[in-house]
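Colleague: If you scroll down you'll find the structure; I have some questions about it.
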Amino acid sequence: MRGHVLQSANIDWNDTFLTAALEPEKWPEALDKMAGQLRATHGQLIGVGGTRDIPFNIVTNFERRGLESFAEIDGGSPLANYRIAACNQDIVRGRYDSILHEKHYDATIPRLATKQYVEWCDEYDIPFGCQTNLVVDQAGIVGLAILRKRKEGRTTVAERRLFAKVAVAARRAVRLQERLEGEQARLLAGAFDAIAAAAFILDAGGRVQAMTASAEKLIADGDITLRNRLLQADALPLSLAQAVRALTTDGGLDHVRLRINCPDGRPARFMEGFRLPGRPWSLGHLPHAIMVVRQPQRDRAGISGFLSALYRLTATEAEIAMRLFDGMSRNDICEERSVTAETLRGQVKSICAKTGSQNEADLMRLLGAIMD
């Protein structure tokens with residue numbers, strides 16, 4: 001049996017979950033600790049519904065195939081999922097953070113349109129547990145849950161009381177991480193302002209999270225329209241809205257180029273979009289793509305600043321990337337910078353990781369799109 005409820009008195013749940021907010025790769029560890037204290041095999045943090053940027057589903061001690069089949073059966077649908085259906089019913093009644101458990105599941109299951117999720121829970125042996133909402137807003141819902149096997153039984157009143165206490169700490173942590181992720185968009189906009197570029201920072205839903213002063217002027221001039229935080233403009237070869245969707249859709253494009261014809265005979269605007277490298281354990285508020293209307297001047301300082309703002313390269317890494325693009329050999333770069341081959345190898349590896357490039361050839365293709 002995993003853990004015991006009485007042991008939890010020695011656990012600082014605020015510290016446990018705030019550590020996860022500051023170091024998101026530790027969410028599984030925090031969720032597993034919670035599950036262990038509540039006699040459950042699985043702890044879960046899930047984002048569903050609304051316009052939440054990147055739906056996420058972190059479940060501890062769960063096989064990958066199970067999560068894949070969950071997606072295949074549309075397990076997040078309230079028509080099938082009794083946990084989500086019970087949650088939605090509670091929200092309709094004006095209750096946003098109740099502790100829902102087996103009693104609510106029993107009442108909801110007979111009303112489901114399909115039993116696929118029920119059968120999925122039977123297959124993976126997670127019929128029991130309890131849950132609550134940590135966040136309910138225009139972006140959707142972030143929920144916390146424990147999932148229990150048949151042998152672990154139904155949750156008790158004492159266990160649900162402890163779960164409610166843990167949820168208070170988890171709620172603070174989720175809100176903190178969301179604020180930290182949202183701040184990244186403003187920091188990126190500030191970096192592009194510093195190099196006088198008109199840039200729109202987009203979330204994974206294609207909505208504008210932040211923009212530079214130059215970008216705000218384009219909106220004011222009417223060259224680009226912003227409605228419900230979505231960019232619109234007639235352009236070739238794709239409309240601006242189509243280009244944004246291509247950048248923010250799974251399996252879409254990593255880079256797009258557009259020509260926007262301006263009214264009144266003014267020169268056309270040329271726009272480029274870049275998908276940013278993804279990061280694991282995000283709660284969905286990190287910047288996902290950037291649309292740049294006017295690139296910086298093609299001098300060394302401008303290009304270096306552009307790469308630093310776009311991919312968080314250091315000044316040294318940006319300079320090395322440009323040297324490689326110019327065709328300089330690694331030996332010559334080492335000699336010029338007075339570093340060893342091993343040091344340069346590590347720097348190139350870091351550049352590839354930050355830009356989402358698989359190898360140096362992939363990096364050259366990316367730089368070609370930017371510096372062409």
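Labels used: A, B, ... for chains in the order of the structure tokens, numbers from 1 for residues in each chain, and numbers from 1 for ligands as shown.
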Can you tell me which residues surround region 249-252 of chain A at a distance of at most 9 Å, considering only C-alpha atoms, apart from same-chain residues fewer than 3 positions away, and format the answer as JSON, numbers by chain?
Modeller: {"A": [204, 205, 206, 244, 245, 246]}
Colleague: Write out the residues from the selection above, keeping C-alpha atoms, as an mmCIF file, in the first residue's frame.
Modeller:
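Saved to selection17.cif:
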data_model
loop_
_atom_site.group_PDB
_atom_site.id
_atom_site.type_symbol
_atom_site.label_atom_id
_atom_site.label_comp_id
_atom_site.auth_asym_id
_atom_site.auth_seq_id
_atom_site.Cartn_x
_atom_site.Cartn_y
_atom_site.Cartn_z
ATOM 1 C CA ALA A 204 -0.521 28.182 -29.058
ATOM 2 C CA GLY A 205 -4.067 29.214 -29.982
ATOM 3 C CA GLY A 206 -2.723 31.938 -32.284
ATOM 4 C CA VAL A 244 -0.934 31.982 -37.829
ATOM 5 C CA ARG A 245 -2.934 28.738 -37.837
ATOM 6 C CA ALA A 246 -0.149 27.021 -39.789
#
Colleague: Please return as a ChimeraX atom specification: the residues of region 112-248 of chain A that backbone DSSP assigns to strand (DSSP E or B).
Modeller: /A:128-137,140-148,198-202,207-211,225-227,230-232,236
Colleague: What parts of region 167-359 of chain A does DSSP call alpha helix (DSSP H)? I'd like the answer as number ranges by chain.
Modeller: A: 167-194, 213-221, 240-248, 300-311, 315-325, 330-337, 341-355
Colleague: Between A:Met322, A:Phe192, A:Lys115, A:Val339, which is the closest to Leu363 (chain A) once you count only C-alpha atoms?
Modeller: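 With only C-alpha atoms as the atom set, the closest residue is A:Met322.
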Colleague: Please list as a ChimeraX atom specification every residue within 12 Å of region 77-91 of chain A, counting only C-alpha atoms and excluding residues in the same chain fewer than 5 positions away.
Modeller: /A:46-50,70-72,96-121,126-137,140-147
